[in-house]
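Enquirer: What follows is coords-v4.cif, made up of mmCIF, C-alpha atoms:
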data_input
#
loop_
_atom_site.label_atom_id
_atom_site.label_comp_id
_atom_site.auth_asym_id
_atom_site.auth_seq_id
_atom_site.Cartn_x
_atom_site.Cartn_y
_atom_site.Cartn_z
CA MET A 1 -3.80 -9.58 32.95
CA SER A 2 -4.21 -12.35 30.37
CA VAL A 3 -1.94 -12.65 27.34
CA SER A 4 -3.74 -11.80 24.11
CA VAL A 5 -0.88 -12.39 21.62
CA SER A 6 1.99 -14.81 22.13
CA VAL A 7 4.79 -15.18 19.58
CA GLN A 8 7.30 -17.91 20.43
CA ASN A 9 10.52 -18.38 18.42
CA VAL A 10 8.79 -17.53 15.15
CA SER A 11 10.79 -17.62 11.90
CA LYS A 12 9.56 -17.10 8.36
CA ARG A 13 11.55 -18.12 5.29
CA TYR A 14 10.83 -17.18 1.67
CA ARG A 15 12.30 -18.63 -1.49
CA LEU A 16 13.80 -16.22 -3.99
CA GLY A 17 13.92 -16.29 -7.80
CA GLU A 18 14.78 -19.24 -10.01
CA LEU A 19 17.06 -20.86 -7.45
CA GLY A 20 14.25 -20.71 -4.93
CA ARG A 21 11.91 -22.57 -7.29
CA GLN A 22 14.57 -25.22 -7.96
CA THR A 23 15.03 -25.88 -4.25
CA PHE A 24 11.29 -26.32 -3.66
CA VAL A 25 11.34 -29.98 -4.74
CA ALA A 26 14.46 -30.64 -2.69
CA ASP A 27 12.75 -29.07 0.32
CA TRP A 28 9.70 -31.28 -0.18
CA LYS A 29 11.87 -34.40 -0.38
CA ARG A 30 13.74 -33.39 2.76
CA LYS A 31 10.50 -33.05 4.74
CA LEU A 32 9.23 -36.35 3.37
CA LEU A 33 12.39 -38.10 4.57
CA GLY A 34 12.32 -36.30 7.91
CA ARG A 35 15.65 -34.56 7.45
CA GLU A 36 16.42 -31.21 9.05
CA GLU A 37 16.61 -28.22 6.71
CA PRO A 38 19.81 -26.14 6.61
CA GLU A 39 19.63 -22.71 8.21
CA ASP A 40 21.12 -20.76 5.30
CA GLU A 41 20.17 -22.57 2.14
CA PRO A 42 20.90 -20.84 -1.21
CA GLY A 43 17.84 -19.23 -2.79
CA THR A 44 16.13 -18.47 0.54
CA PHE A 45 15.57 -15.38 2.65
CA TRP A 46 14.61 -15.25 6.32
CA ALA A 47 12.13 -12.42 6.87
CA LEU A 48 11.76 -13.33 10.57
CA ARG A 49 14.30 -15.09 12.80
CA ASP A 50 13.53 -16.55 16.24
CA LEU A 51 11.14 -13.74 17.16
CA SER A 52 9.46 -13.91 20.57
CA PHE A 53 7.23 -11.48 22.47
CA GLU A 54 3.85 -11.30 24.21
CA ALA A 55 1.13 -8.65 24.27
CA PRO A 56 -1.36 -8.60 27.16
CA GLN A 57 -5.02 -7.91 26.66
CA GLY A 58 -5.82 -4.22 26.15
CA GLN A 59 -2.30 -3.15 25.19
CA ALA A 60 -1.52 -0.93 22.20
CA LEU A 61 1.78 -2.24 20.85
CA ALA A 62 3.83 -0.38 18.23
CA ILE A 63 5.99 -2.42 15.86
CA ILE A 64 8.86 -0.23 14.70
CA GLY A 65 11.59 -0.80 12.13
CA ARG A 66 13.03 0.23 8.82
CA ASN A 67 11.66 -1.02 5.50
CA GLY A 68 12.53 -4.69 5.19
CA ALA A 69 12.81 -5.22 8.95
CA GLY A 70 10.04 -7.85 8.91
CA LYS A 71 7.13 -5.77 10.23
CA SER A 72 4.64 -6.60 7.48
CA THR A 73 5.65 -10.27 7.46
CA LEU A 74 4.99 -10.44 11.19
CA LEU A 75 1.52 -8.95 10.74
CA LYS A 76 0.74 -11.44 7.96
CA VAL A 77 1.77 -14.30 10.22
CA LEU A 78 -0.38 -12.92 13.06
CA SER A 79 -3.31 -12.48 10.65
CA SER A 80 -2.94 -16.10 9.43
CA ILE A 81 -2.33 -14.89 5.88
CA THR A 82 0.90 -16.88 5.87
CA ALA A 83 2.16 -19.59 8.20
CA PRO A 84 5.46 -19.36 10.07
CA THR A 85 8.28 -21.63 8.92
CA LYS A 86 9.16 -22.27 12.56
CA GLY A 87 7.73 -21.34 15.91
CA VAL A 88 4.29 -20.95 17.42
CA VAL A 89 1.77 -18.08 17.40
CA LYS A 90 -1.04 -18.09 19.94
CA LEU A 91 -3.91 -15.59 19.68
CA ARG A 92 -6.65 -15.31 22.26
CA GLY A 93 -9.76 -13.98 20.56
CA ARG A 94 -10.90 -13.00 17.11
CA VAL A 95 -8.55 -11.01 14.90
CA ALA A 96 -9.45 -8.08 12.63
CA SER A 97 -6.58 -6.98 10.38
CA LEU A 98 -6.11 -3.99 8.13
CA LEU A 99 -2.89 -4.58 6.22
CA GLU A 100 -3.60 -2.72 3.00
CA VAL A 101 -6.31 -0.53 1.50
CA GLY A 102 -9.50 -2.55 1.22
CA SER A 103 -7.88 -5.73 2.53
CA GLY A 104 -10.40 -8.55 2.79
CA PHE A 105 -12.85 -6.92 0.38
CA HIS A 106 -14.35 -8.62 -2.67
CA GLN A 107 -14.16 -5.99 -5.37
CA ASP A 108 -17.35 -7.08 -7.17
CA LEU A 109 -19.48 -6.97 -4.02
CA THR A 110 -21.04 -3.80 -2.67
CA GLY A 111 -19.84 -2.06 0.44
CA ARG A 112 -22.85 -3.43 2.34
CA ASP A 113 -22.12 -6.99 1.23
CA ASN A 114 -18.46 -6.67 2.22
CA VAL A 115 -19.35 -5.46 5.70
CA PHE A 116 -21.45 -8.57 6.31
CA LEU A 117 -18.90 -10.83 4.60
CA ASN A 118 -16.07 -9.59 6.83
CA GLY A 119 -18.21 -9.97 9.91
CA ALA A 120 -19.08 -13.54 8.93
CA ILE A 121 -15.39 -14.33 8.43
CA LEU A 122 -14.81 -13.15 11.99
CA GLY A 123 -17.50 -15.55 13.18
CA MET A 124 -20.16 -12.95 13.95
CA LYS A 125 -23.88 -13.56 13.59
CA HIS A 126 -25.92 -11.58 11.05
CA PHE A 127 -27.80 -9.68 13.74
CA GLU A 128 -24.53 -8.72 15.49
CA ILE A 129 -23.20 -7.19 12.29
CA ALA A 130 -26.52 -5.44 11.58
CA ALA A 131 -26.44 -3.88 15.06
CA ARG A 132 -23.18 -2.08 14.18
CA PHE A 133 -23.84 -1.48 10.51
CA ASP A 134 -25.02 2.13 10.88
CA GLU A 135 -21.97 3.01 13.01
CA ILE A 136 -19.64 1.53 10.39
CA VAL A 137 -21.28 3.44 7.54
CA GLY A 138 -21.40 6.66 9.53
CA PHE A 139 -17.74 6.47 10.53
CA SER A 140 -16.57 5.66 7.01
CA GLU A 141 -18.80 8.35 5.40
CA THR A 142 -19.74 5.96 2.58
CA GLY A 143 -23.52 6.02 3.06
CA GLU A 144 -24.25 7.32 -0.44
CA PHE A 145 -22.14 4.57 -2.02
CA ILE A 146 -22.73 1.67 0.38
CA ASP A 147 -24.71 -0.28 -2.27
CA THR A 148 -22.13 0.38 -4.99
CA PRO A 149 -19.52 -2.31 -5.85
CA VAL A 150 -16.28 -1.64 -3.98
CA LYS A 151 -14.27 -1.74 -7.23
CA HIS A 152 -15.75 1.67 -8.05
CA TYR A 153 -14.59 3.20 -4.72
CA SER A 154 -11.64 5.55 -4.53
CA SER A 155 -8.66 4.43 -2.46
CA GLY A 156 -9.75 6.81 0.29
CA MET A 157 -13.27 5.36 0.40
CA ARG A 158 -11.96 1.78 0.52
CA GLY A 159 -9.55 2.73 3.28
CA ARG A 160 -12.26 4.43 5.35
CA LEU A 161 -14.68 1.52 5.02
CA ALA A 162 -11.98 -1.08 5.68
CA PHE A 163 -10.88 0.67 8.86
CA ALA A 164 -14.46 1.09 10.07
CA VAL A 165 -15.17 -2.61 9.52
CA ALA A 166 -12.01 -3.64 11.37
CA ALA A 167 -12.62 -1.22 14.26
CA TYR A 168 -16.34 -1.71 14.86
CA LEU A 169 -16.79 -5.46 14.39
CA GLU A 170 -16.29 -7.43 17.58
CA ALA A 171 -12.67 -8.57 17.34
CA GLU A 172 -10.50 -8.83 20.43
CA ILE A 173 -7.28 -8.14 18.48
CA LEU A 174 -6.93 -5.30 15.97
CA ILE A 175 -3.92 -5.44 13.62
CA VAL A 176 -3.24 -2.27 11.63
CA ASP A 177 -0.43 -1.61 9.15
CA GLU A 178 0.38 1.96 8.17
CA VAL A 179 -2.56 2.40 5.80
CA LEU A 180 -4.15 5.47 7.36
CA ALA A 181 -2.26 7.73 4.94
CA VAL A 182 -4.99 7.18 2.34
CA GLY A 183 -7.38 9.37 4.31
CA ASP A 184 -7.40 13.08 4.95
CA VAL A 185 -6.12 14.60 8.18
CA GLU A 186 -9.57 14.73 9.79
CA PHE A 187 -10.20 11.06 9.08
CA GLN A 188 -6.75 10.08 10.35
CA ASP A 189 -7.49 11.87 13.62
CA ARG A 190 -10.79 9.99 13.94
CA CYS A 191 -9.02 6.70 13.23
CA LEU A 192 -6.45 7.37 15.94
CA GLY A 193 -9.17 8.31 18.37
CA LYS A 194 -11.07 5.12 17.60
CA MET A 195 -7.96 2.96 17.98
CA ASP A 196 -7.24 4.63 21.32
CA SER A 197 -10.80 3.91 22.42
CA VAL A 198 -10.49 0.29 21.28
CA SER A 199 -7.38 -0.32 23.41
CA ARG A 200 -8.87 1.44 26.45
CA HIS A 201 -11.87 -0.88 26.27
CA GLY A 202 -9.73 -3.99 26.66
CA ARG A 203 -8.97 -4.88 23.04
CA THR A 204 -5.39 -5.40 21.89
CA VAL A 205 -3.97 -3.22 19.10
CA LEU A 206 -0.86 -4.08 17.09
CA PHE A 207 0.17 -1.03 15.09
CA VAL A 208 2.88 -0.57 12.46
CA SER A 209 3.80 3.02 11.65
CA HIS A 210 6.77 5.21 10.75
CA HIS A 211 5.07 8.26 12.26
CA ALA A 212 6.61 8.88 15.67
CA ALA A 213 3.96 11.30 16.93
CA THR A 214 1.20 8.78 16.20
CA ILE A 215 3.05 6.04 18.06
CA GLU A 216 3.64 8.35 21.02
CA LYS A 217 -0.05 9.19 21.30
CA LEU A 218 -1.61 5.82 20.54
CA CYS A 219 0.72 3.16 21.93
CA THR A 220 2.02 2.34 25.38
CA ARG A 221 4.72 -0.12 24.33
CA GLY A 222 7.01 -0.59 21.35
CA ILE A 223 9.20 -3.31 19.89
CA VAL A 224 11.94 -2.60 17.34
CA LEU A 225 12.69 -5.13 14.58
CA SER A 226 15.84 -5.32 12.46
CA HIS A 227 16.44 -7.99 9.81
CA GLY A 228 13.59 -10.03 11.23
CA LYS A 229 14.94 -10.08 14.78
CA LEU A 230 13.79 -8.38 17.95
CA GLU A 231 16.23 -5.58 18.84
CA PHE A 232 14.39 -3.74 21.59
CA ASP A 233 11.29 -4.11 23.76
CA GLY A 234 10.13 -1.33 26.08
CA SER A 235 7.82 1.65 26.37
CA GLN A 236 6.85 3.39 23.14
CA LEU A 237 9.07 6.38 23.95
CA GLU A 238 12.05 4.19 24.81
CA ALA A 239 11.56 2.21 21.61
CA LEU A 240 11.44 5.38 19.52
CA ARG A 241 14.60 6.70 21.17
CA PHE A 242 16.38 3.41 20.57
CA TYR A 243 15.33 3.36 16.92
CA THR A 244 16.22 7.01 16.41
CA ASP A 245 19.65 6.81 18.05
CA LYS A 246 20.54 3.77 15.97
CA HIS A 247 19.25 4.83 12.57
CA LEU A 248 19.65 8.61 12.68
CA SER A 249 23.28 9.41 12.13
CA ALA A 250 24.87 12.37 13.91
CA GLU A 251 26.83 12.95 10.71
CA THR A 252 25.02 13.23 7.37
CA CYS A 253 27.01 13.03 4.13
CA LEU A 254 25.49 15.25 1.46
CA ARG A 255 28.07 15.14 -1.34
CA ASP A 256 26.13 12.71 -3.51
CA ARG A 257 22.67 14.15 -2.90
CA THR A 258 21.01 15.32 -6.13
CA ASP A 259 17.83 16.79 -4.61
CA ARG A 260 19.35 20.26 -4.27
CA THR A 261 19.17 23.61 -6.02
CA GLY A 262 21.69 26.41 -6.54
CA SER A 263 24.62 27.45 -8.69
CA GLY A 264 26.98 24.93 -7.11
CA GLU A 265 29.75 27.47 -6.51
CA VAL A 266 29.61 26.36 -2.88
CA ARG A 267 28.10 23.02 -1.85
CA LEU A 268 27.27 21.40 1.46
CA ALA A 269 29.43 18.33 1.98
CA GLU A 270 28.11 17.03 5.29
CA ILE A 271 26.35 18.03 8.48
CA GLU A 272 27.23 17.14 12.06
CA LEU A 273 24.87 17.55 15.00
CA ARG A 274 26.47 18.09 18.39
CA ASN A 275 25.43 19.04 21.89
CA LEU A 276 27.01 21.98 23.70
CA LYS A 277 29.70 19.66 25.05
CA GLY A 278 30.86 18.99 21.50
CA GLU A 279 29.58 15.39 21.48
CA ARG A 280 27.97 14.08 18.30
CA ILE A 281 24.31 13.28 18.78
CA ALA A 282 21.26 12.06 16.89
CA SER A 283 18.81 13.18 19.57
CA LEU A 284 18.72 15.70 22.40
CA PRO A 285 16.49 16.38 25.40
CA SER A 286 13.91 19.11 25.02
CA GLY A 287 15.23 22.50 26.10
CA GLU A 288 18.92 21.65 25.68
CA GLY A 289 21.35 23.34 23.30
CA LEU A 290 22.33 22.23 19.82
CA GLU A 291 25.25 22.89 17.51
CA VAL A 292 24.92 22.34 13.77
CA TRP A 293 28.26 21.93 11.98
CA LEU A 294 27.87 22.62 8.26
CA HIS A 295 30.83 21.40 6.21
CA TYR A 296 31.05 23.14 2.84
CA GLU A 297 33.31 23.05 -0.19
CA ALA A 298 33.83 25.64 -2.93
CA ALA A 299 33.88 24.48 -6.53
CA HIS A 300 36.94 26.59 -7.41
CA GLY A 301 40.13 27.68 -5.74
CA SER A 302 39.48 31.39 -5.51
CA THR A 303 38.79 33.13 -2.23
CA LEU A 304 35.10 33.38 -1.47
CA PRO A 305 33.40 36.63 -0.56
CA ARG A 306 31.25 36.84 2.55
CA ILE A 307 28.89 33.92 2.78
CA ASN A 308 25.47 33.78 4.41
CA CYS A 309 23.72 30.73 5.79
CA ASP A 310 20.03 30.24 6.56
CA LEU A 311 19.17 27.25 8.74
CA HIS A 312 15.52 26.20 8.98
CA ILE A 313 14.26 23.67 11.51
CA THR A 314 11.18 22.03 10.00
CA ASN A 315 8.68 19.38 10.96
CA VAL A 316 8.52 16.12 9.00
CA PHE A 317 6.15 17.73 6.51
CA GLY A 318 8.69 20.45 5.63
CA SER A 319 6.94 23.35 7.36
CA ALA A 320 9.48 25.73 8.91
CA LEU A 321 9.23 26.09 12.69
CA VAL A 322 12.40 28.05 13.45
CA THR A 323 14.81 29.95 11.23
CA GLN A 324 18.35 30.91 12.18
CA SER A 325 20.61 33.02 9.96
CA ASN A 326 23.96 34.65 10.50
CA SER A 327 22.49 37.73 8.80
CA PHE A 328 19.90 38.22 11.58
CA GLY A 329 22.47 39.33 14.13
CA ASP A 330 24.99 40.52 11.57
CA HIS A 331 27.37 37.66 12.36
CA ARG A 332 29.73 38.24 9.45
CA LEU A 333 31.28 35.18 7.84
CA ALA A 334 33.88 37.18 5.94
CA ASN A 335 36.76 35.74 3.89
CA PRO A 336 35.73 32.11 4.35
CA PRO A 337 38.24 29.41 3.30
CA ARG A 338 37.59 27.31 0.22
CA ARG A 339 36.78 24.37 2.46
CA GLY A 340 35.43 25.08 5.91
CA VAL A 341 32.82 24.56 8.59
CA ILE A 342 30.04 26.94 9.53
CA VAL A 343 28.85 26.35 13.08
CA CYS A 344 25.43 27.48 14.25
CA GLN A 345 24.95 27.28 18.00
CA ILE A 346 21.47 27.35 19.53
CA ALA A 347 21.68 27.83 23.28
CA SER A 348 18.33 26.17 24.00
CA LEU A 349 15.94 24.35 21.70
CA PRO A 350 12.49 24.49 23.34
CA LEU A 351 10.74 21.94 21.13
CA THR A 352 8.34 19.22 22.15
CA GLU A 353 9.24 15.59 21.61
CA GLY A 354 9.30 14.51 18.00
CA LEU A 355 11.28 14.19 14.80
CA TYR A 356 12.63 17.34 13.15
CA ARG A 357 14.57 18.09 9.98
CA LEU A 358 16.96 20.76 8.72
CA LYS A 359 16.77 22.82 5.56
CA VAL A 360 19.97 24.71 4.70
CA THR A 361 20.57 27.57 2.27
CA LEU A 362 24.01 29.00 1.40
CA PHE A 363 24.15 32.26 -0.56
CA PRO A 364 26.52 35.22 -1.10
CA SER A 365 25.97 38.23 1.09
CA ASP A 366 26.29 40.66 -1.82
CA ARG A 367 23.99 38.89 -4.28
CA PHE A 368 20.64 38.09 -2.70
CA THR A 369 19.21 36.74 -5.95
CA VAL A 370 21.86 34.00 -6.13
CA ILE A 371 21.82 30.75 -4.16
CA TYR A 372 24.97 28.68 -3.87
CA ASP A 373 23.30 25.58 -2.47
CA GLU A 374 19.92 24.80 -0.94
CA MET A 375 18.70 21.49 0.37
CA ALA A 376 15.59 20.42 2.25
CA ASN A 377 15.76 17.43 4.60
CA ALA A 378 19.52 17.87 4.81
CA ALA A 379 19.58 16.16 8.22
CA GLU A 380 17.14 15.04 10.88
CA PHE A 381 17.20 14.67 14.63
CA ARG A 382 14.87 13.73 17.45
CA VAL A 383 13.95 15.76 20.50
CA VAL A 384 13.19 13.49 23.47
CA GLN A 385 10.86 14.34 26.30
CA THR A 386 12.09 15.85 29.56
CA ASP A 387 10.33 17.44 32.51
CA PHE A 388 10.76 20.89 30.97
CA PHE A 389 8.26 22.62 33.25
CA GLY A 390 9.17 20.72 36.41
CA GLY A 391 5.65 19.45 37.00
CA GLY A 392 5.72 16.17 35.12
CA LYS A 393 3.40 17.34 32.34
CA GLY A 394 3.74 19.14 29.05
CA PRO A 395 2.01 19.87 25.76
CA LEU A 396 1.10 17.14 23.29
CA PRO A 397 1.71 18.32 19.70
CA VAL A 398 -0.37 15.43 18.28
CA LEU A 399 -3.37 16.97 20.04
CA GLY A 400 -2.76 20.37 18.50
CA ASP A 401 -0.85 21.82 21.47
CA GLY A 402 1.93 23.07 19.23
CA PRO A 403 5.64 22.21 18.97
CA PHE A 404 7.16 24.82 21.29
CA LEU A 405 7.90 24.82 25.01
CA LEU A 406 7.62 28.28 26.55
CA ARG A 407 7.88 28.86 30.27
CA GLY A 408 5.22 31.15 31.66
CA GLY A 409 4.05 32.44 35.02
CA TRP A 410 0.51 31.94 36.35
CA ARG A 411 -1.46 33.56 39.15
CA ILE A 412 -5.04 34.15 40.16
CA GLU A 413 -6.48 37.37 41.56
CA GLU A 414 -9.84 38.38 42.91
CA ALA A 415 -11.87 40.12 40.24
CA SER A 416 -13.11 43.67 40.79
CA GLN A 417 -16.92 43.85 40.82
CA THR A 418 -16.95 47.18 39.02
CA ALA A 419 -14.31 46.46 36.42
CA PRO A 420 -16.52 44.50 33.99
CA ALA A 421 -19.25 47.14 33.95
CA GLU A 422 -16.76 49.96 33.51
CA SER A 423 -15.04 48.14 30.67
CA ARG A 424 -18.39 47.52 28.91
CA ASN A 425 -19.39 51.20 29.08
CA SER A 426 -15.99 52.65 28.26
CA PRO A 427 -15.53 53.99 24.73
CA LEU A 428 -13.18 52.26 22.32
CA PRO A 429 -9.81 53.95 21.97
#
Mind turning this structure into structure tokens?
Expert:
Amino acid sequence: MSVSVSVQNVSKRYRLGELGRQTFVADWKRKLLGREEPEDEPGTFWALRDLSFEAPQGQALAIIGRNGAGKSTLLKVLSSITAPTKGVVKLRGRVASLLEVGSGFHQDLTGRDNVFLNGAILGMKHFEIAARFDEIVGFSETGEFIDTPVKHYSSGMRGRLAFAVAAYLEAEILIVDEVLAVGDVEFQDRCLGKMDSVSRHGRTVLFVSHHAATIEKLCTRGIVLSHGKLEFDGSQLEALRFYTDKHLSAETCLRDRTDRTGSGEVRLAEIELRNLKGERIASLPSGEGLEVWLHYEAAHGSTLPRINCDLHITNVFGSALVTQSNSFGDHRLANPPRRGVIVCQIASLPLTEGLYRLKVTLFPSDRFTVIYDEMANAAEFRVVQTDFFGGGKGPLPVLGDGPFLLRGGWRIEEASQTAPAESRNSPLP
């Protein structure tokens, strides 16, 4: 399979602030005299450092990393928006990029004019663009406004039209930053479906996203960047696990968090996540057990009454999936110390692969209208895929299959010929 994108030892340096402007002349003189530039010159910042990778034709590649890792800079270099300071980028085919809402649009031109302008920039003939014009308008749902200047579009309309232009015009390489959030859920699903179709038809997709479920569904490979350098290169699931295990801490300090409610008589200090062997973890295989260690501190020295704890496992949007509470099974936490640890053990966590978060509520058992401390997104962890059912397949939550893994039995029996007729004629109970 031919290589569609080749990045060889690419580095990108930016100049910062007043010192950066002062060193511009010195840099120009250095190049004029043919002198080598120092690696770490004051007033400069390396957004990319000696980055190398290749993407074959037809591959959907996820670019993963924290904010400031160099993801957007890499896409700008690949899109020829900025040139690398060092290294070589080779692209085989035309490139369509969607790096921000309405990128590449002229705000005073109409939507129709911008479609043809973007196609011309890609090197397409007028008749080629016209042949796909109706599909672009239909996908973006901007037909009523297609002859209106783009500056009057909402951000959602610009995003829909920009994506449709990038996806439907004949470019061999599609570069997409995480801009799909401007659309509604239905449009995001259509975008993902279109990007999946694009890669399956032999076009290369480079995709930046922080949404793990989207990466799992859309991409087949992932690279992880950190401080402009390549940290990991593997399958999309391996890349997500690597990123999660490195950046999700098994111990979360909560003392300084201000996004909490409650009286403050008792406060969460930190949370530890452990497996059933007592080992600290940031991720666990689907179906395995989990222990949540909740460290708390009382604001005064008196002995506390009974304390109750509600633990909610939520998705990334904050919707509760599972709730555990010591009050459900009457597990009394009587006479707790002023500083202590509440441990919640879950024997098996049958969740599909993905990122999950914890919401914790501490409250007195004798005053249900009082909350000591409550915090959403108190900690997060990742569930990684295993062969839960033993057949090599499982549900896909991104396709609406749901987040839970439940074992069930299946069988088939010969239907009775008289049963349907009897059931139709039988009276309702």
Enquirer: For the file shown, report as a list of chain:residue names the outcome of the PyMOL selection byres ((chain A and resi 56) around 6) at residue level.
Expert: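 For this structure, the PyMOL selection byres ((chain A and resi 56) around 6) resolves to A:Ser2, A:Val3, A:Ser4, A:Ala55, A:Gln57, A:Gln59.
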Enquirer: Select from stretch 263-347 of chain A every residue with an atom at most 10 Å from any atom of stretch 380-387 of chain A, then for each give the shortest pair of atoms and their distance in Å to one decimal, using all atoms listed in the file, rows by chain and rising number, as a tab-separated table.
Expert:
residue	atom	partner	partner_atom	distance
A:Ile271	CA	A:Glu380	CA	10.0
A:Leu273	CA	A:Phe381	CA	8.2
A:Ile281	CA	A:Phe381	CA	8.3
A:Ala282	CA	A:Phe381	CA	5.3
A:Ser283	CA	A:Arg382	CA	4.5
A:Leu284	CA	A:Val383	CA	5.1
A:Pro285	CA	A:Val384	CA	4.8
A:Ser286	CA	A:Val383	CA	5.6
A:Gly287	CA	A:Thr386	CA	8.1
A:Glu288	CA	A:Val383	CA	9.3
A:Ile313	CA	A:Glu380	CA	9.1
A:Thr314	CA	A:Glu380	CA	9.2
A:Asn315	CA	A:Glu380	CA	9.5
A:Val316	CA	A:Glu380	CA	8.9
Enquirer: Near A:Ile146, within 9 Å and counting all atoms listed in the file, which residues show up once chain neighbours fewer than 2 positions away are dropped, as a ChimeraX atom specification?
Expert: /A:110-113,137,142-144,148-150
Enquirer: Name all residues at most 12 Å from A:Gly138 (count all atoms listed in the file; drop same-chain ones fewer than 5 positions away) and give them as a PyMOL selection string.
Expert: chain A and resi 132-133+143-146+160-161+164-165+168+190
Enquirer: Please evaluate the PyMOL selection byres ((chain A and resi 71) around 12) against the structure above and give the resulting residues as a ChimeraX atom specification.
Expert: /A:12,47-48,51,62-70,72-78,99,175-178,206-210,223-230
Enquirer: Applying the PyMOL selection byres ((chain A and resi 253-270) around 8) to the file I just gave you, which residues come out? Please list them as a list of chain:residue names.
Expert: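 Here the PyMOL selection byres ((chain A and resi 253-270) around 8) matches A:Glu251, A:Thr252, A:Ile271, A:Glu272, A:Leu294, A:His295, A:Tyr296, A:Glu297, A:Ala298, A:Ala299, A:His300, A:Leu362, A:Val370, A:Ile371, A:Tyr372, A:Asp373, A:Glu374, A:Met375, A:Ala376, A:Ala378.
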Enquirer: Please dump the current selection as a PDB file, keeping the file's coordinate frame; keep C-alpha atoms.
Expert:
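Output saved as out-v1.pdb:
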ATOM      1  CA  GLU A 251      26.830  12.950  10.710  1.00  0.00           C
ATOM      2  CA  THR A 252      25.020  13.230   7.370  1.00  0.00           C
ATOM      3  CA  ILE A 271      26.350  18.030   8.480  1.00  0.00           C
ATOM      4  CA  GLU A 272      27.230  17.140  12.060  1.00  0.00           C
ATOM      5  CA  LEU A 294      27.870  22.620   8.260  1.00  0.00           C
ATOM      6  CA  HIS A 295      30.830  21.400   6.210  1.00  0.00           C
ATOM      7  CA  TYR A 296      31.050  23.140   2.840  1.00  0.00           C
ATOM      8  CA  GLU A 297      33.310  23.050  -0.190  1.00  0.00           C
ATOM      9  CA  ALA A 298      33.830  25.640  -2.930  1.00  0.00           C
ATOM     10  CA  ALA A 299      33.880  24.480  -6.530  1.00  0.00           C
ATOM     11  CA  HIS A 300      36.940  26.590  -7.410  1.00  0.00           C
ATOM     12  CA  LEU A 362      24.010  29.000   1.400  1.00  0.00           C
ATOM     13  CA  VAL A 370      21.860  34.000  -6.130  1.00  0.00           C
ATOM     14  CA  ILE A 371      21.820  30.750  -4.160  1.00  0.00           C
ATOM     15  CA  TYR A 372      24.970  28.680  -3.870  1.00  0.00           C
ATOM     16  CA  ASP A 373      23.300  25.580  -2.470  1.00  0.00           C
ATOM     17  CA  GLU A 374      19.920  24.800  -0.940  1.00  0.00           C
ATOM     18  CA  MET A 375      18.700  21.490   0.370  1.00  0.00           C
ATOM     19  CA  ALA A 376      15.590  20.420   2.250  1.00  0.00           C
ATOM     20  CA  ALA A 378      19.520  17.870   4.810  1.00  0.00           C
TER      21      ALA A 378
END
Enquirer: Between atom CA of A:Glu216 and atom CA of A:Leu61, measure the distance and give it in Å to one decimal.
Expert: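 Taking atom CA of A:Glu216 and atom CA of A:Leu61, their separation equals 10.8 Å.
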Enquirer: Go through A:Val5, A:Ala347, A:Leu321, A:Cys219 and flag the residue nearest A:Arg274, using only C-alpha atoms for the distances.
Expert: A:Ala347
Enquirer: Set the distance at 8 Å and use only C-alpha atoms: which residues neighbour A:Glu172 once local chain neighbours fewer than 3 positions away are removed? I'd like the list as an MDAnalysis selection string.
Expert: chainID A and resid 92:96 202:204
Enquirer: Could you please take those selected residues and save C-alpha atoms as a PDB file, in the coordinates of the input?
Expert:
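After the write, selection32.pdb holds the following:
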ATOM      1  CA  ARG A  92      -6.650 -15.310  22.260  1.00  0.00           C
ATOM      2  CA  GLY A  93      -9.760 -13.980  20.560  1.00  0.00           C
ATOM      3  CA  ARG A  94     -10.900 -13.000  17.110  1.00  0.00           C
ATOM      4  CA  VAL A  95      -8.550 -11.010  14.900  1.00  0.00           C
ATOM      5  CA  ALA A  96      -9.450  -8.080  12.630  1.00  0.00           C
ATOM      6  CA  GLY A 202      -9.730  -3.990  26.660  1.00  0.00           C
ATOM      7  CA  ARG A 203      -8.970  -4.880  23.040  1.00  0.00           C
ATOM      8  CA  THR A 204      -5.390  -5.400  21.890  1.00  0.00           C
TER       9      THR A 204
END
Enquirer: So what do you get for atom CA of A:Glu231 versus atom CA of A:Tyr243, distance-wise?
Expert: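 Taking atom CA of A:Glu231 as the start and atom CA of A:Tyr243 as the end point, the length is 9.2 Å.
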Enquirer: Report, in Å with one decimal, the straight-line distance from atom CA of A:Phe363 to atom CA of A:Asn308.
Expert: 5.4 Å
Enquirer: Hey, what's within 9 Å of A:Leu218 if we count only C-alpha atoms and toss same-chain stuff fewer than 5 positions away? As a ChimeraX atom specification, please?
Expert: /A:60-62,192-193,195-196,199,207,213
Enquirer: Which residue is closest to A:Phe139? Choose from A:Gly390, A:Pro337, A:Gly123, A:Gly159 and count all atoms listed in the file.
Expert: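 Looking at the shortest contact to A:Phe139, the residue is A:Gly159.
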Enquirer: The centre and edge lengths of an axis-aligned box containing all atoms of stretch 124-134 of chain A present in the file, extended by 5 Å on each side, are to be given in Å to one decimal, as lines of an AutoDock Vina configuration file.
Expert:
center_x = -24.0
center_y = -5.7
center_z = 13.0
size_x = 17.6
size_y = 25.7
size_z = 15.0
Enquirer: Taking into account only C-alpha atoms, which residue in the set A:Thr44, A:Asn118, A:Ser197, A:Ser140 is nearest to A:Leu169?
Expert: A:Asn118
Enquirer: Give me the residues within 9 Å of A:Glu170 as an NGL selection string, counting all atoms listed in the file and dropping any in the same chain fewer than 3 places off.
Expert: :A and (94-96 or 119 or 122 or 124 or 128-129 or 166-167)
